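Student: I'm passing along start.csv; it holds CSV, C-alpha atoms.
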chain,number,residue,atom,x,y,z
P,1,MET,CA,20.2,73.5,112.8
P,2,SER,CA,18.5,74.1,109.5
P,3,ALA,CA,19.9,72.6,106.3
P,4,LYS,CA,21.9,74.9,104.1
P,5,THR,CA,21.8,75.3,100.3
P,6,PRO,CA,24.6,73.2,98.8
P,7,MET,CA,27.7,75.2,97.7
P,8,THR,CA,29.1,75.0,94.3
P,9,PRO,CA,32.7,73.7,93.9
P,10,GLU,CA,33.8,77.2,93.0
P,11,GLU,CA,32.2,78.7,96.1
P,12,ARG,CA,33.6,76.0,98.3
P,13,ALA,CA,37.1,76.6,96.9
P,14,GLU,CA,36.8,80.4,97.3
P,15,LEU,CA,35.6,80.0,100.9
P,16,ILE,CA,38.5,77.6,101.8
P,17,GLN,CA,41.0,80.1,100.3
P,18,ARG,CA,39.3,83.0,102.2
P,19,LEU,CA,39.6,81.0,105.5
P,20,GLN,CA,43.2,80.2,104.9
P,21,ASP,CA,44.0,83.9,104.0
P,22,ASP,CA,42.1,85.1,107.1
P,23,LEU,CA,44.0,82.7,109.3
P,24,GLU,CA,47.4,83.8,108.0
P,25,ASP,CA,46.3,87.5,108.4
P,26,PHE,CA,45.2,86.7,112.0
P,27,VAL,CA,48.6,85.2,112.9
P,28,ALA,CA,50.5,88.0,111.2
P,29,GLU,CA,48.5,90.7,113.0
P,30,GLN,CA,49.3,89.1,116.4
P,31,SER,CA,53.0,89.0,115.5
P,32,LYS,CA,53.1,92.5,114.3
P,33,LYS,CA,51.4,93.8,117.5
P,34,ALA,CA,54.1,92.1,119.5
P,35,ARG,CA,57.0,93.5,117.5
P,36,GLU,CA,55.7,97.1,117.3
P,37,LYS,CA,54.8,97.5,120.9
P,38,LYS,CA,56.0,100.9,122.0
P,39,LEU,CA,57.9,101.5,125.3
P,40,ASP,CA,55.3,104.1,126.5
P,41,GLU,CA,52.4,101.6,126.0
P,42,GLU,CA,51.2,99.6,128.8
P,43,PRO,CA,52.7,96.1,128.7
P,44,ASP,CA,50.6,93.2,127.5
P,45,ASP,CA,49.8,91.5,130.8
P,46,ARG,CA,47.6,88.9,129.2
P,47,THR,CA,48.3,85.4,130.3
P,48,ILE,CA,48.8,82.4,128.0
P,49,ASP,CA,45.3,81.3,128.8
P,50,GLU,CA,43.9,84.7,127.8
P,51,ILE,CA,45.7,84.7,124.5
P,52,ALA,CA,44.5,81.2,123.9
P,53,GLU,CA,41.0,82.3,124.6
P,54,GLU,CA,41.4,85.1,122.0
P,55,LEU,CA,42.5,82.5,119.4
P,56,LYS,CA,39.5,80.4,120.2
P,57,ASN,CA,37.3,83.2,118.8
P,58,HIS,CA,38.6,82.6,115.3
P,59,PRO,CA,36.4,80.2,113.4
P,60,ALA,CA,39.3,77.9,112.6
P,61,PHE,CA,39.9,77.3,116.4
P,62,MET,CA,36.4,77.6,117.8
P,63,THR,CA,35.1,74.6,119.7
P,64,ASP,CA,32.0,76.2,121.2
P,65,VAL,CA,29.3,78.1,119.3
P,66,ASP,CA,26.7,80.4,120.7
P,67,TRP,CA,23.7,79.3,118.6
P,68,SER,CA,21.5,82.1,120.0
P,69,LYS,CA,23.6,84.6,118.0
P,70,PRO,CA,24.0,85.0,114.2
P,71,LEU,CA,26.9,83.1,112.8
P,72,SER,CA,29.7,84.9,111.0
P,73,PRO,CA,30.1,84.2,107.3
P,74,GLU,CA,33.2,82.1,108.0
P,75,MET,CA,31.3,80.0,110.5
P,76,GLU,CA,28.4,79.6,108.1
P,77,GLY,CA,30.9,78.3,105.6
P,78,LEU,CA,32.4,75.8,108.0
P,79,MET,CA,29.0,74.5,108.9
P,80,ALA,CA,28.1,74.2,105.2
P,81,LEU,CA,31.3,72.2,104.5
P,82,LYS,CA,30.6,70.0,107.5
P,83,TYR,CA,27.0,69.1,106.6
P,84,GLU,CA,26.8,69.3,102.8
P,85,SER,CA,28.2,65.8,102.2
P,86,GLU,CA,26.5,64.0,99.3
P,87,ASN,CA,26.8,60.8,101.4
P,88,PRO,CA,23.5,60.6,103.5
P,89,VAL,CA,25.2,58.3,106.0
P,90,ALA,CA,28.1,60.8,106.5
P,91,ARG,CA,25.7,63.7,106.7
P,92,ALA,CA,23.4,62.0,109.2
P,93,ASN,CA,26.5,61.1,111.3
P,94,SER,CA,27.7,64.7,111.3
P,95,TYR,CA,24.3,65.9,112.6
P,96,ARG,CA,24.2,63.2,115.2
P,97,GLU,CA,27.7,64.1,116.5
P,98,GLU,CA,26.8,67.8,116.7
P,99,GLY,CA,23.6,66.9,118.5
P,100,ASN,CA,25.4,64.7,121.0
P,101,GLU,CA,27.8,67.6,121.8
P,102,LEU,CA,24.9,69.9,122.4
P,103,PHE,CA,23.1,67.3,124.4
P,104,LYS,CA,26.1,67.1,126.7
P,105,LYS,CA,25.8,70.8,127.2
P,106,LYS,CA,22.1,70.4,128.0
P,107,ASP,CA,21.2,72.5,124.9
P,108,TYR,CA,18.4,70.1,124.2
P,109,ARG,CA,16.4,72.2,121.8
P,110,VAL,CA,19.2,72.8,119.4
P,111,ALA,CA,20.3,69.2,119.8
P,112,ILE,CA,16.8,68.2,118.7
P,113,ASP,CA,17.2,70.3,115.6
P,114,ASN,CA,20.4,68.5,114.7
P,115,TYR,CA,18.9,65.0,115.3
P,116,THR,CA,16.0,66.1,113.1
P,117,GLU,CA,18.3,67.1,110.3
P,118,GLY,CA,20.1,63.8,110.6
P,119,ILE,CA,16.8,62.0,110.3
P,120,LYS,CA,15.9,64.1,107.2
P,121,SER,CA,19.2,63.0,105.6
P,122,LYS,CA,17.4,59.7,104.9
P,123,SER,CA,20.3,57.5,105.7
P,124,PRO,CA,19.8,53.9,104.5
P,125,ASP,CA,21.5,52.7,107.7
P,126,ARG,CA,18.6,51.4,109.8
P,127,GLU,CA,20.7,51.3,113.1
P,128,GLN,CA,21.8,54.9,112.5
P,129,ASN,CA,18.2,56.0,112.1
P,130,ALA,CA,17.3,54.1,115.3
P,131,VAL,CA,20.1,56.0,117.1
P,132,LEU,CA,18.9,59.4,115.8
P,133,TYR,CA,15.3,58.8,116.8
P,134,THR,CA,16.4,57.5,120.2
P,135,ASN,CA,18.7,60.5,120.8
P,136,ARG,CA,16.0,62.9,119.8
P,137,ALA,CA,13.7,61.1,122.2
P,138,ALA,CA,16.2,61.6,125.0
P,139,ALA,CA,16.4,65.3,124.3
P,140,GLN,CA,12.6,65.6,124.2
P,141,TYR,CA,12.4,63.7,127.5
P,142,HIS,CA,14.7,66.1,129.2
P,143,LEU,CA,12.4,69.0,128.1
P,144,GLY,CA,9.4,67.2,129.6
P,145,ASN,CA,7.9,66.4,126.2
P,146,TYR,CA,7.1,62.8,127.1
P,147,ARG,CA,4.5,62.1,124.5
P,148,THR,CA,6.7,63.3,121.7
P,149,SER,CA,9.7,61.4,123.2
P,150,PHE,CA,7.6,58.2,123.3
P,151,ASN,CA,6.6,58.6,119.7
P,152,ASP,CA,10.3,58.8,118.7
P,153,CYS,CA,11.0,55.7,120.7
P,154,ILE,CA,8.4,53.9,118.6
P,155,PHE,CA,10.0,55.1,115.4
P,156,ALA,CA,13.4,54.0,116.7
P,157,ARG,CA,12.1,50.5,117.3
P,158,LYS,CA,10.6,50.3,113.9
P,159,PHE,CA,14.2,50.6,112.5
P,160,LYS,CA,15.6,48.3,115.2
P,161,PRO,CA,13.0,46.5,117.4
P,162,ASP,CA,15.6,45.4,120.0
P,163,HIS,CA,17.2,48.8,120.4
P,164,MET,CA,17.6,48.8,124.2
P,165,LYS,CA,18.0,52.6,124.7
P,166,ALA,CA,14.8,53.2,122.8
P,167,ILE,CA,13.0,50.5,124.8
P,168,VAL,CA,14.2,51.9,128.1
P,169,ARG,CA,13.4,55.5,127.1
P,170,GLY,CA,10.0,54.4,126.0
P,171,ALA,CA,9.3,52.7,129.3
P,172,LEU,CA,10.4,55.8,131.2
P,173,CYS,CA,8.1,58.0,129.1
P,174,CYS,CA,5.1,55.7,129.8
P,175,ASP,CA,6.0,55.9,133.5
P,176,LYS,CA,6.1,59.7,133.4
P,177,MET,CA,2.7,59.7,131.6
P,178,ASN,CA,1.3,57.3,134.3
P,179,LYS,CA,0.5,54.7,131.7
P,180,HIS,CA,1.3,51.8,133.9
P,181,ALA,CA,0.1,49.0,131.7
P,182,ASP,CA,2.2,50.4,128.8
P,183,THR,CA,5.2,50.8,131.1
P,184,ILE,CA,5.0,47.1,132.1
P,185,ARG,CA,4.7,46.1,128.4
P,186,TRP,CA,7.8,48.1,127.4
P,187,CYS,CA,9.7,46.8,130.3
P,188,GLU,CA,8.9,43.2,129.4
P,189,ALA,CA,10.0,43.8,125.8
P,190,GLY,CA,13.3,45.1,127.1
P,191,LEU,CA,13.7,42.2,129.5
P,192,MET,CA,13.3,39.8,126.7
P,193,VAL,CA,16.4,41.3,125.2
P,194,ASP,CA,18.3,41.7,128.4
P,195,GLY,CA,16.8,39.8,131.3
P,196,THR,CA,19.3,41.3,133.8
P,197,ASN,CA,18.5,44.9,133.1
P,198,LYS,CA,18.1,46.3,136.6
P,199,GLU,CA,16.5,49.6,135.5
P,200,LEU,CA,13.7,47.9,133.6
P,201,THR,CA,13.2,45.3,136.4
P,202,GLN,CA,12.8,48.1,139.0
P,203,LEU,CA,10.6,50.1,136.7
P,204,LYS,CA,8.4,47.2,136.0
P,205,SER,CA,7.9,46.5,139.7
P,206,LYS,CA,7.1,50.1,140.3
P,207,ALA,CA,4.6,50.1,137.5
P,208,LYS,CA,2.9,47.0,138.8
P,209,THR,CA,2.4,48.5,142.2
P,210,ALA,CA,1.1,51.8,140.7
P,211,LYS,CA,-1.2,49.9,138.4
P,212,GLN,CA,-2.8,48.0,141.3
P,213,LEU,CA,-3.3,51.3,143.2
P,214,GLN,CA,-4.7,52.9,140.0
P,215,GLU,CA,-7.2,50.1,139.5
P,216,ARG,CA,-8.2,50.3,143.2
P,217,ASP,CA,-8.8,54.0,142.9
P,218,GLU,CA,-10.8,53.5,139.7
P,219,ARG,CA,-13.0,51.0,141.4
P,220,LYS,CA,-13.6,53.4,144.3
P,221,GLN,CA,-14.4,56.2,141.8
P,222,ALA,CA,-16.8,54.0,139.9
P,223,LEU,CA,-18.6,53.0,143.1
P,224,LYS,CA,-18.7,56.7,144.2
P,225,GLU,CA,-20.2,57.7,140.9
P,226,LYS,CA,-22.8,54.9,141.0
P,227,LYS,CA,-23.9,56.1,144.5
P,228,GLU,CA,-24.1,59.7,143.3
P,229,GLU,CA,-26.1,58.7,140.3
P,230,GLU,CA,-28.5,56.7,142.5
P,231,ALA,CA,-28.8,59.7,144.8
P,232,MET,CA,-29.4,62.0,141.8
P,233,ALA,CA,-32.1,59.7,140.5
P,234,GLN,CA,-33.9,59.8,143.9
P,235,LEU,CA,-33.6,63.6,144.1
P,236,LEU,CA,-35.0,63.9,140.6
P,237,GLU,CA,-38.0,61.8,141.5
P,238,VAL,CA,-38.7,64.1,144.5
P,239,ILE,CA,-38.4,67.2,142.2
P,240,LYS,CA,-40.7,65.7,139.5
P,241,ALA,CA,-43.2,64.7,142.1
P,242,ARG,CA,-43.5,68.4,143.0
P,243,GLY,CA,-44.3,69.3,139.4
P,244,VAL,CA,-41.0,71.1,138.8
P,245,SER,CA,-39.4,70.9,135.3
P,246,VAL,CA,-35.6,70.5,135.1
P,247,ALA,CA,-33.9,71.1,131.8
P,248,SER,CA,-31.8,68.3,130.3
P,249,ILE,CA,-28.6,68.2,128.4
P,250,PRO,CA,-29.2,67.4,124.7
P,251,ARG,CA,-28.5,63.8,123.8
P,252,THR,CA,-25.6,63.8,121.4
P,253,ALA,CA,-22.9,61.3,120.2
P,254,GLU,CA,-20.8,62.5,123.1
P,255,THR,CA,-23.5,62.0,125.7
P,256,ALA,CA,-25.2,58.9,124.2
P,257,HIS,CA,-23.6,56.7,126.8
P,258,LEU,CA,-25.1,58.6,129.7
P,259,SER,CA,-28.3,57.6,131.4
P,260,GLN,CA,-31.3,59.9,131.4
P,261,THR,CA,-30.6,60.7,135.0
P,262,MET,CA,-27.1,61.9,134.2
P,263,LEU,CA,-28.4,63.9,131.3
P,264,THR,CA,-30.6,65.9,133.7
P,265,ASP,CA,-28.8,69.2,134.2
P,266,LEU,CA,-28.6,69.9,137.9
P,267,ASP,CA,-24.9,70.7,138.0
P,268,PRO,CA,-24.4,74.1,139.7
P,269,VAL,CA,-22.7,76.9,137.8
P,270,HIS,CA,-22.0,79.2,140.8
P,271,PRO,CA,-18.4,79.2,142.1
P,272,SER,CA,-19.7,78.3,145.6
P,273,GLY,CA,-20.8,74.9,144.3
P,274,ALA,CA,-24.2,75.2,146.0
P,275,HIS,CA,-26.7,72.7,144.7
P,276,VAL,CA,-30.2,71.5,145.5
P,277,PHE,CA,-30.6,69.1,148.3
P,278,GLN,CA,-33.3,67.5,150.4
P,279,ASP,CA,-33.3,67.9,154.2
P,280,LYS,CA,-34.2,65.4,156.8
P,281,ASP,CA,-37.8,66.6,156.8
P,282,GLY,CA,-38.1,65.9,153.0
P,283,CYS,CA,-38.0,69.6,152.0
P,284,LEU,CA,-35.9,70.9,149.1
P,285,HIS,CA,-33.4,73.7,149.4
P,286,TRP,CA,-32.4,75.4,146.2
P,287,PRO,CA,-29.5,77.8,145.2
P,288,VAL,CA,-31.3,80.8,143.6
P,289,LEU,CA,-30.1,83.7,141.4
P,290,PHE,CA,-31.8,87.1,141.5
P,291,LEU,CA,-31.2,89.2,138.4
P,292,TYR,CA,-31.7,93.0,138.2
P,293,PRO,CA,-31.6,93.6,134.4
P,294,GLU,CA,-32.1,97.4,134.7
P,295,TYR,CA,-28.7,97.6,136.4
P,296,GLY,CA,-26.9,94.4,135.2
P,297,GLN,CA,-26.6,93.2,138.8
P,298,THR,CA,-27.2,89.9,140.6
P,299,ASP,CA,-27.7,88.4,144.0
P,300,PHE,CA,-27.0,84.8,144.8
P,301,ILE,CA,-28.9,82.9,147.6
P,302,GLN,CA,-27.2,79.6,148.4
P,303,ASP,CA,-30.0,78.1,150.4
P,304,PHE,CA,-33.6,79.0,149.5
P,305,HIS,CA,-36.1,76.8,151.3
P,306,GLU,CA,-38.9,75.8,148.9
P,307,ASN,CA,-41.6,76.9,151.3
P,308,SER,CA,-40.0,80.3,151.9
P,309,THR,CA,-41.5,83.3,150.2
P,310,PHE,CA,-39.5,85.7,148.1
P,311,LEU,CA,-40.4,88.4,150.7
P,312,ASP,CA,-38.4,86.4,153.3
P,313,HIS,CA,-35.2,87.1,151.3
P,314,ILE,CA,-36.2,90.5,149.8
P,315,GLN,CA,-36.7,91.9,153.3
P,316,HIS,CA,-33.1,91.1,154.2
P,317,MET,CA,-31.8,92.9,151.1
P,318,PHE,CA,-34.3,95.8,150.6
P,319,GLY,CA,-36.3,95.9,153.8
P,320,PRO,CA,-36.5,98.7,156.4
P,321,GLY,CA,-33.3,99.4,158.2
P,322,THR,CA,-31.1,97.8,155.5
P,323,GLU,CA,-28.5,99.7,153.6
P,324,PRO,CA,-29.6,100.2,150.0
P,325,ALA,CA,-27.5,98.5,147.3
P,326,ALA,CA,-24.8,100.8,145.9
P,327,TRP,CA,-26.3,100.6,142.4
P,328,ASP,CA,-29.8,101.5,143.7
P,329,GLU,CA,-29.1,105.2,144.1
P,330,ALA,CA,-32.8,106.2,143.8
P,331,HIS,CA,-33.8,103.6,146.4
P,332,LYS,CA,-36.4,102.2,144.0
P,333,TYR,CA,-36.2,98.6,145.2
P,334,THR,CA,-38.4,98.0,148.2
P,335,PRO,CA,-40.4,94.9,149.3
P,336,ASP,CA,-43.7,96.7,148.9
P,337,SER,CA,-44.5,95.6,145.4
P,338,ILE,CA,-43.2,92.1,145.5
P,339,GLN,CA,-45.6,89.2,145.0
P,340,TYR,CA,-45.1,87.0,148.0
P,341,ASN,CA,-45.3,83.5,146.4
P,342,THR,CA,-43.3,80.7,147.8
P,343,LEU,CA,-40.4,79.4,145.8
P,344,LEU,CA,-42.2,76.1,145.1
P,345,GLU,CA,-45.2,78.0,143.7
P,346,ALA,CA,-42.9,79.8,141.3
P,347,LEU,CA,-41.1,76.7,140.3
P,348,ARG,CA,-44.4,74.8,139.6
P,349,HIS,CA,-45.4,77.3,136.8
P,350,LYS,CA,-46.1,75.3,133.7
P,351,LYS,CA,-43.7,77.3,131.6
P,352,TYR,CA,-40.9,77.5,134.1
P,353,HIS,CA,-37.7,75.3,133.7
P,354,VAL,CA,-34.8,75.1,136.0
P,355,TYR,CA,-31.4,75.4,134.2
P,356,LYS,CA,-28.1,74.3,135.6
P,357,GLY,CA,-29.8,73.4,138.9
P,358,THR,CA,-30.2,77.1,139.8
P,359,PRO,CA,-33.6,78.7,139.6
P,360,SER,CA,-33.2,82.3,138.3
P,361,PHE,CA,-35.6,85.2,138.6
P,362,MET,CA,-35.6,88.8,137.3
P,363,LEU,CA,-36.6,91.5,139.8
P,364,MET,CA,-37.9,94.8,138.5
P,365,VAL,CA,-39.6,97.8,140.1
P,366,LYS,CA,-43.4,97.4,139.5
P,367,ASP,CA,-44.8,99.8,136.9
P,368,SER,CA,-41.4,101.4,136.3
P,369,ASP,CA,-40.5,102.7,132.8
P,370,PHE,CA,-37.9,99.9,132.6
P,371,GLN,CA,-40.4,97.2,133.4
P,372,GLN,CA,-42.8,98.5,130.7
P,373,LYS,CA,-40.1,98.6,128.1
P,374,PHE,CA,-39.0,95.1,129.1
P,375,LEU,CA,-42.5,93.6,128.9
P,376,LYS,CA,-43.0,95.2,125.4
P,377,GLN,CA,-39.6,93.8,124.2
P,378,TYR,CA,-40.0,90.3,125.5
P,379,LYS,CA,-42.9,87.9,125.5
P,380,ILE,CA,-43.5,87.0,129.1
P,381,ALA,CA,-44.9,83.6,130.0
P,382,THR,CA,-48.2,83.7,131.9
Could you express the structure from this file as structure tokens?
Tutor:
Amino acid sequence: MSAKTPMTPEERAELIQRLQDDLEDFVAEQSKKAREKKLDEEPDDRTIDEIAEELKNHPAFMTDVDWSKPLSPEMEGLMALKYESENPVARANSYREEGNELFKKKDYRVAIDNYTEGIKSKSPDREQNAVLYTNRAAAQYHLGNYRTSFNDCIFARKFKPDHMKAIVRGALCCDKMNKHADTIRWCEAGLMVDGTNKELTQLKSKAKTAKQLQERDERKQALKEKKEEEAMAQLLEVIKARGVSVASIPRTAETAHLSQTMLTDLDPVHPSGAHVFQDKDGCLHWPVLFLYPEYGQTDFIQDFHENSTFLDHIQHMFGPGTEPAAWDEAHKYTPDSIQYNTLLEALRHKKYHVYKGTPSFMLMVKDSDFQQKFLKQYKIAT
């Protein structure tokens, strides 16, 4: 609920009189309807409960408000009267009470607005501020905003370090965020205040077990990464021994902690996850990308043996007896004009670099108009 502009004494008096007059008119209208009921009209079959419900719709009797709809001028006035107290303690308390009612109804977002307005009232009462922050933390917690809730618990404890509800809520937030060490710390703080608190005792025990499992998993992951790095280093030595150049990730402040091995960019980019590997005979197998710039098309080969020629794969895609690609309507792509180098011979070219662990090659029809234009536009390494 947002804060309203304070009313002048004259406006307040006028509103009070208006509400009193409106209430008298409302009661008078109900009495008149009862007296003037004609015989030919259908009888009023409303029950006492239905009449009471109608009365509840008047601002003077309303106990529930639909905050998703605009408030009537009368209700705006009542809210202003309620929250425009010059006493910050009273004003904060009004917002707290309203927030609590909304919290009970699980209207957590509007409850948060009320607690926030209470906090903004700048009450000098430290415990009252601790309660407001703790209540707002509870509402945020129920919305799943655990980080925000935890921050409010911290503020609450700044006003009242031994505020148990703030400590318990903070511990619960840490647990939800899987911050097991912090959970234990907050539980221990609470148990210093109340050593018999069962909720904190159980939560601490749970966090200790989870922390041990987390540390075990971290050790396993560290060992796995070490083995992967060692395997990567061995693979890179094999690749370099063949005279193949692999591009590296630039060394920056973010990557300064990585070894040169981990900076070498062999991570695959294709969704298949295919990557270079060495078989039992010591031969390398690469994922390879063919690009057809004339048509904006590509082909991906997951396993291209380094000693295989390009013809070995081109035959499967454009050789005799194969269905032409849908985009090659003129059937221009044939194996006839392909240079039959092996993959390793191509990778050893002095100006060739492997990026993202995936060698890529452009395929164009020899002596075609597109190839001639392409060669004029780009400087081709030779």
Student: Near Leu235 of chain P, counting all atoms listed in the file, which residues have an atom at most 12 Å away, once you skip same-chain residues fewer than 4 positions from it, shown as a PyMOL selection string?
Tutor: chain P and resi 228-231+239-242+244+246+261-262+264+266+275-279+282-285+357
Student: Compare P:Thr298, P:Glu225, P:Asp367, P:Glu127 by their minimum atom-to-atom distance to Lys332 of chain P, counting only C-alpha atoms, and give me the closest one.
Tutor: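 Of P:Thr298, P:Glu225, P:Asp367, P:Glu127, the one nearest Lys332 of chain P, counting only C-alpha atoms, is P:Asp367.
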Student: Go through P:Gly296, P:Ser245, P:Gly321, P:Lys373 one by one, measure the shortest atom-to-atom distance of each to Leu347 of chain P using all atoms listed in the file, and give the residue with the smallest value.
Tutor: P:Ser245
Student: Report, in Å to a single decimal, how far apart atom CA of Val168 of chain P and atom CA of Ala92 of chain P are.
Tutor: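 Atom-to-atom, atom CA of Ala92 of chain P to atom CA of Val168 of chain P, that is 23.3 Å.
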Student: In Å, how far is it from atom CA of Met177 of chain P to atom CA of Asn129 of chain P?
Tutor: 25.2 Å
Student: Show me as a tab-separated table (two decimals) with C-alpha atoms, in the frame of the given file the residues that reach within 9 Å of (-41.3, 76.5, 143.2), counting all atoms listed in the file and using the file's own coordinates.
Tutor:
chain	number	residue	atom	x	y	z
P	242	ARG	CA	-43.50	68.40	143.00
P	243	GLY	CA	-44.30	69.30	139.40
P	244	VAL	CA	-41.00	71.10	138.80
P	306	GLU	CA	-38.90	75.80	148.90
P	307	ASN	CA	-41.60	76.90	151.30
P	341	ASN	CA	-45.30	83.50	146.40
P	342	THR	CA	-43.30	80.70	147.80
P	343	LEU	CA	-40.40	79.40	145.80
P	344	LEU	CA	-42.20	76.10	145.10
P	345	GLU	CA	-45.20	78.00	143.70
P	346	ALA	CA	-42.90	79.80	141.30
P	347	LEU	CA	-41.10	76.70	140.30
P	348	ARG	CA	-44.40	74.80	139.60
P	349	HIS	CA	-45.40	77.30	136.80
P	359	PRO	CA	-33.60	78.70	139.60
Student: Please indicate the distance in Å from atom CA of Gln128 of chain P to atom CA of Tyr115 of chain P, rounded to one decimal place.
Tutor: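 Separation between atom CA of Gln128 of chain P and atom CA of Tyr115 of chain P: 10.9 Å.
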Student: Need to verify the contact set: Gln302 of chain P, 9 Å, all atoms listed in the file, exclusion of same-chain residues closer than 5 positions in sequence. Can you return it as a list in words?
Tutor: Ser272, Gly273, Ala274, His275, His285, Trp286, Pro287, Val288 and Leu289 of chain P
Student: If you keep C-alpha atoms, can you produce a file of those selected residues as a PDB file, in the coordinates of the input?
Tutor:
ATOM      1  CA  SER P 272     -19.700  78.300 145.600  1.00  0.00           C
ATOM      2  CA  GLY P 273     -20.800  74.900 144.300  1.00  0.00           C
ATOM      3  CA  ALA P 274     -24.200  75.200 146.000  1.00  0.00           C
ATOM      4  CA  HIS P 275     -26.700  72.700 144.700  1.00  0.00           C
ATOM      5  CA  HIS P 285     -33.400  73.700 149.400  1.00  0.00           C
ATOM      6  CA  TRP P 286     -32.400  75.400 146.200  1.00  0.00           C
ATOM      7  CA  PRO P 287     -29.500  77.800 145.200  1.00  0.00           C
ATOM      8  CA  VAL P 288     -31.300  80.800 143.600  1.00  0.00           C
ATOM      9  CA  LEU P 289     -30.100  83.700 141.400  1.00  0.00           C
TER      10      LEU P 289
END
Student: Could you list, as number ranges by chain, every residue within 10 Å of Cys173 of chain P, counting all atoms listed in the file and ignoring same-chain residues fewer than 6 positions away?
Tutor: P: 137-138, 141, 144-151, 153, 167, 179, 182-183
Student: Let me make sure I understand: among P:Thr196, P:Lys350, P:Phe159, P:Phe361, which one has the smallest atom-to-atom distance to Phe300 of chain P if we use all atoms listed in the file?
Tutor: P:Phe361
Student: Skipping near chain neighbours, those fewer than 5 positions away, what residues fall within 10 Å of Phe155 of chain P using all atoms listed in the file, listed as a list in words?
Tutor: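 Neighbouring residues, sequence-local ones excluded: Asn129, Ala130, Leu132, Tyr133, Thr134, Ala137, Phe150, Lys160, Pro161 and Ala166 of chain P.
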Student: Excluding Asn135 of chain P and residues on its chain fewer than 6 positions from it, collect all residues at most 9 Å away from it, counting all atoms listed in the file, and give them as a list in words.
Tutor: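 Everything that qualifies: Arg96, Gly99, Asn100, Phe103, Ala111, Ile112, Tyr115, Asp152, Lys165 and Ala166 of chain P.
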Student: Any chance you could build segment 100-115 of chain P out to N, CA and C atoms and write it as a short mmCIF file (atom, residue, chain, number, x, y, z; two decimals), keeping the file's coordinate frame?
Tutor:
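Produced file out.cif, reproduced below:
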data_model
loop_
_atom_site.label_atom_id
_atom_site.label_comp_id
_atom_site.auth_asym_id
_atom_site.auth_seq_id
_atom_site.Cartn_x
_atom_site.Cartn_y
_atom_site.Cartn_z
N ASN P 100 24.91 65.34 119.73
CA ASN P 100 25.40 64.70 121.00
C ASN P 100 26.23 65.76 121.78
N GLU P 101 27.02 66.58 121.10
CA GLU P 101 27.80 67.60 121.80
C GLU P 101 26.87 68.60 122.49
N LEU P 102 25.83 69.00 121.78
CA LEU P 102 24.90 69.90 122.40
C LEU P 102 24.09 69.30 123.49
N PHE P 103 23.79 68.03 123.35
CA PHE P 103 23.10 67.30 124.40
C PHE P 103 23.89 67.30 125.69
N LYS P 104 25.19 67.07 125.56
CA LYS P 104 26.10 67.10 126.70
C LYS P 104 26.05 68.41 127.45
N LYS P 105 25.85 69.46 126.67
CA LYS P 105 25.80 70.80 127.20
C LYS P 105 24.39 71.19 127.69
N LYS P 106 23.47 70.24 127.58
CA LYS P 106 22.10 70.40 128.00
C LYS P 106 21.35 71.46 127.11
N ASP P 107 21.87 71.65 125.89
CA ASP P 107 21.20 72.50 124.90
C ASP P 107 20.26 71.63 124.12
N TYR P 108 19.19 71.15 124.77
CA TYR P 108 18.40 70.10 124.20
C TYR P 108 17.60 70.54 122.95
N ARG P 109 17.16 71.78 122.91
CA ARG P 109 16.40 72.20 121.80
C ARG P 109 17.17 72.25 120.48
N VAL P 110 18.38 72.76 120.56
CA VAL P 110 19.20 72.80 119.40
C VAL P 110 19.70 71.37 119.03
N ALA P 111 19.91 70.56 120.06
CA ALA P 111 20.30 69.20 119.80
C ALA P 111 19.16 68.48 119.03
N ILE P 112 17.92 68.76 119.38
CA ILE P 112 16.80 68.20 118.70
C ILE P 112 16.80 68.59 117.21
N ASP P 113 17.12 69.86 116.95
CA ASP P 113 17.20 70.30 115.60
C ASP P 113 18.24 69.52 114.77
N ASN P 114 19.36 69.25 115.39
CA ASN P 114 20.40 68.50 114.70
C ASN P 114 19.98 67.05 114.46
N TYR P 115 19.39 66.41 115.45
CA TYR P 115 18.90 65.00 115.30
C TYR P 115 17.86 64.99 114.16
#
